[in-house]
Amino acid sequence: MNNILKYGVFVFVAVIASFFYLKPILQHEGEYRVVVVNTSERPVSHIEITGKGIDKRVIGPLHVGDMQDYYFIPSQDGDLLYSVSQDKQKFNGIIKANLKKNEEGKIYVVVGEMHQVKIYNEYDAAY
C-alpha cells in the first residue's frame, strides 16, 4: 500500500471513530435539559434552578425574548425547583415533581407577563 492510501484510511477511521465518540457529548445525550425563556416585557434578574442531586444553577440576567439552557444529570430522585427574581419580586415553583435519578429529557420554563411562569414539555414561540 502506498502512503497516501494508508493516510486516507487512517483519516477515514479517525473521523468515523471521533463521530461516534463526540456525538453523545455534543448532543447532550443522557442529560436533562431545562430551557428558560423570557416572554415578558421586562428583564429577569436571575433564575435559580435547584433540586436534589444537582448543583444549584443561577441563570441570568435574561433580557426580553432571551432564552438560556442548563444541562445536568440528576444523581438523586427529587423535585426540580425554580426561583425567579423579576422587578424586585421573587417567586418560586416546581419545574418537575419527582425527577428521577439519571432521567433524561427536556422541559421549558417560560416567564410571562404578570410574573406568571408556565412549564411546557414542548415550546413554540407562538405560545
# chains A, B, ... in the order shown; residues from 1 in each chain; ligands from 1
call {"tool": "closest_atom_pairs", "arguments": {"of": "region 75-126 of chain A", "to": "region 44-61 of chain A", "cutoff": "7 Å", "atoms": "only C-alpha atoms", "output": "JSON lines"}}
result
{"residue": "A:Ser75", "atom": "CA", "partner": "A:Gly53", "partner_atom": "CA", "distance": 4.5}
{"residue": "A:Gln76", "atom": "CA", "partner": "A:Gly53", "partner_atom": "CA", "distance": 4.5}
{"residue": "A:Asp77", "atom": "CA", "partner": "A:Lys52", "partner_atom": "CA", "distance": 6.6}
{"residue": "A:Gly78", "atom": "CA", "partner": "A:Lys52", "partner_atom": "CA", "distance": 5.4}
{"residue": "A:Asp79", "atom": "CA", "partner": "A:Gly51", "partner_atom": "CA", "distance": 5.8}
{"residue": "A:Leu80", "atom": "CA", "partner": "A:Gly51", "partner_atom": "CA", "distance": 4.6}
{"residue": "A:Leu81", "atom": "CA", "partner": "A:Thr50", "partner_atom": "CA", "distance": 5.2}
{"residue": "A:Tyr82", "atom": "CA", "partner": "A:Ile49", "partner_atom": "CA", "distance": 4.7}
{"residue": "A:Ser83", "atom": "CA", "partner": "A:Glu48", "partner_atom": "CA", "distance": 5.1}
{"residue": "A:Val84", "atom": "CA", "partner": "A:Ile47", "partner_atom": "CA", "distance": 4.5}
{"residue": "A:Ser85", "atom": "CA", "partner": "A:Ser45", "partner_atom": "CA", "distance": 5.5}
{"residue": "A:Gln86", "atom": "CA", "partner": "A:Val44", "partner_atom": "CA", "distance": 4.7}
call {"tool": "atom_distance", "arguments": {"atom1": "CA of Met114 (chain A)", "atom2": "CA of Glu41 (chain A)"}}
result
9.4 Å
call {"tool": "atom_distance", "arguments": {"atom1": "CA of Tyr120 (chain A)", "atom2": "CA of Gly30 (chain A)"}}
result
19.8 Å
call {"tool": "closest_residue", "arguments": {"among": "A:Lys6, A:Arg33, A:Lys88, A:Lys100", "to": "Phe72 (chain A)", "atoms": "only C-alpha atoms"}}
result
A:Arg33
